[in-house]
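**Student:** First the structure, which I've put down as structure tokens, then a few questions once you've had a look.
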Amino acid sequence: MEKTLEQWRLEGAVFGDLMDLRETVWLNPALGSAGEVIPTLPVTAADVADASARLRRFAPYLAEVFPETAEAGGIIESPLAEVPAFQRALGYGPGKLLMKLDSHLPISGSIKARGGIYEVLCLAESLALNAGMLSPEDGYQVLAQPRFREFFRQYAVAVGSTGNLGLSIGIMSAKLGFRVTVHMSADARQWKKDLLRSKGVTVAEYAGDYGLAVAEGRRQAAADPMCHFVDDENSKTLFLGYAVAAGRLKRQLEERHIPVDRDHPLFVYLPCGVGGGPGGVAFGLKLLYGDSVHCFFAEPTHAPCMTLGLATGLHDGVCVEDFGIDGRTAADGLAVGRPSSFVGRVMERLVSGCYTVDDNRLYRLLHLLAESEGIRLEPSALAGVPGMGLVCGGAAASYVKERNIFPENITHIAWATGGSMVPPDVWREYDLTGAALRAEP
């Protein structure tokens, strides 16, 4: 960085808040019109449509090998839940709060089931088509046959992960027959490592952070011509897998007769680590709803890499350690020090803003949600919840006022990114922590 930390402090209050680990809000001064920005980007509506079609081709295979997807015909999708008791307990004001429960996605139980599984399926399809073993006209359930597992065993898949992306890549790759290694950072939860190993996945553990795990995974994969490295920091394929969620959410909103237009805007709050999941979902929503949808990224106070990347304009040219921030957080899925360059540049004129959340708030919200609605999430999945409060009279109220939006007409969606696969004993620890924090004066 060319500027000193003191110079950054003078650039705006948000930098001081970030360095001092205070919860803060950054509203994007570069936000543009979706109709003008999207045609300039390296991803298109046609790309998202192609991804959606590919997932439909794979649906018969997924329904066969993952029985938990059979009822939905092999489509990996999550519920959109009303949480009236939770909303009343929060006391955030007018508007309606919904939760998109990607925490309950089948197979790997997090938002990463979208992009991660999609990238592995893309790889499998490409290899099988090029080998003449598969044609687009085939029923893809043939991929469950032993001959395909033998074929895919020639190839390896690798990924660096704090946990949830590793679960989706590892479980899907192993099911198809790939040799798969997940390079996991020190902050990854032990139960996630144990689960992967139980599925036949090789787990490489590192004492360092997410960046080190990714770098080592990339280095090892580069030495093996038969290995595909899933690059969470730069993968367009992952991004498109996440973007498919938007069309499915649109159908869910229509089924509930919830309008989305200029007079009835949609505000979506997305927990953010390296950026692929929230960026892909937000891009898909912008394609469908344009300026009637407003997307905010939510990060832990100790790992605000996307906020720093966007606010400085440096994207992956900056990391949290450059600002004296340690990157240590209970929100392990968001414990990332450097943002995705690809996502940052795609979203720099589409995302409405970012905000940060303290770990203690995440725990308190986790306990409150379980108490009021019986929904169990992991800490990182609660990061989207405070967004409604910030918009309805909080630090981001100016955003609504400047756009002449009536708060009572807003539909708010907090994207819950993971938690259904957390072992009961681990979740109990989370809940007890949240209960203790809520009991404090």
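Ordering of the structure tokens sets the chain letters (A, B, ...), residue numbers begin anew at 1 in every chain, and ligands are numbered from 1 in the order given.
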Can you pull out every residue within 7 Å of stretch 117-130 of chain A, counting only C-alpha atoms, but drop anything in the same chain fewer than 2 positions away, and send it as a list of chain:residue names?
**Tutor:** A:Ala113, A:Arg114, A:Gly115, A:Gly132, A:Met133, A:Leu134, A:Ser135, A:Ser168, A:Ile169, A:Met172, A:Ser173, A:Thr237, A:Leu238, A:Gly241
**Student:** For stretch 64-72 of chain A, please output as a list in words all residues within 8 Å (counting only C-alpha atoms; exclusion window: fewer than 4 positions along the same chain).
**Tutor:**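 Contacts, in chain order: Pro60, Ile76, Pro106, Ile107, Gln141, Ala144 and Lys175 of chain A.
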**Student:** Can you tell me which residues surround A:Asp326 at a distance of at most 10 Å, considering only C-alpha atoms, apart from same-chain residues fewer than 4 positions away, and format the answer as a PyMOL selection string?
**Tutor:** chain A and resi 19+21+301-303+320-322+335+337
**Student:** Might you pull out every residue within 7 Å of A:Pro339, with only C-alpha atoms counted and same-chain residues fewer than 6 positions away left off, and present them as a count of residues only?
**Tutor:** 7
**Student:** Restricting the calculation to only C-alpha atoms: of A:Leu270, A:Ala89, A:Leu41, A:Ala330, which residue gets closest to A:Pro379?
**Tutor:**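 Looking only at the distances to A:Pro379, the closest residue turns out to be A:Ala330.
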**Student:** Please list as a PDB file with N, CA and C atoms, in the first residue's frame every residue within 10 Å of stretch 206-208 of chain A, counting only C-alpha atoms and excluding residues in the same chain fewer than 5 positions away.
**Tutor:**
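Printed below is selection_11.pdb as written:
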```pdb
ATOM      1  N   HIS A 183      -7.315 -28.524   1.310  1.00  0.00           N
ATOM      2  CA  HIS A 183      -6.277 -27.861   2.093  1.00  0.00           C
ATOM      3  C   HIS A 183      -6.970 -26.888   3.046  1.00  0.00           C
ATOM      4  N   MET A 184      -6.865 -27.153   4.351  1.00  0.00           N
ATOM      5  CA  MET A 184      -7.676 -26.424   5.325  1.00  0.00           C
ATOM      6  C   MET A 184      -6.826 -25.583   6.263  1.00  0.00           C
ATOM      7  N   SER A 185      -7.288 -24.365   6.503  1.00  0.00           N
ATOM      8  CA  SER A 185      -6.575 -23.428   7.355  1.00  0.00           C
ATOM      9  C   SER A 185      -6.778 -23.748   8.831  1.00  0.00           C
ATOM     10  N   ALA A 186      -6.002 -23.106   9.677  1.00  0.00           N
ATOM     11  CA  ALA A 186      -6.027 -23.393  11.108  1.00  0.00           C
ATOM     12  C   ALA A 186      -7.383 -23.114  11.735  1.00  0.00           C
ATOM     13  N   ASP A 187      -8.144 -22.162  11.167  1.00  0.00           N
ATOM     14  CA  ASP A 187      -9.422 -21.802  11.772  1.00  0.00           C
ATOM     15  C   ASP A 187     -10.563 -22.714  11.331  1.00  0.00           C
ATOM     16  N   ALA A 188     -10.298 -23.699  10.485  1.00  0.00           N
ATOM     17  CA  ALA A 188     -11.341 -24.649  10.093  1.00  0.00           C
ATOM     18  C   ALA A 188     -11.737 -25.516  11.276  1.00  0.00           C
ATOM     19  N   ALA A 213      -3.409 -21.804   3.071  1.00  0.00           N
ATOM     20  CA  ALA A 213      -3.996 -23.066   2.615  1.00  0.00           C
ATOM     21  C   ALA A 213      -4.258 -23.025   1.110  1.00  0.00           C
ATOM     22  N   GLU A 216      -0.842 -23.074  -0.866  1.00  0.00           N
ATOM     23  CA  GLU A 216      -0.203 -24.388  -0.883  1.00  0.00           C
ATOM     24  C   GLU A 216      -0.990 -25.361  -1.750  1.00  0.00           C
TER      25      GLU A 216
END
```
**Student:** Identify which of the residues A:Gly353, A:Gly333, A:Pro424, A:Pro259 lies closest to A:Pro271, counting only C-alpha atoms when measuring atom-to-atom distances.
**Tutor:**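 For A:Pro271, the nearest of the candidates is A:Gly333.
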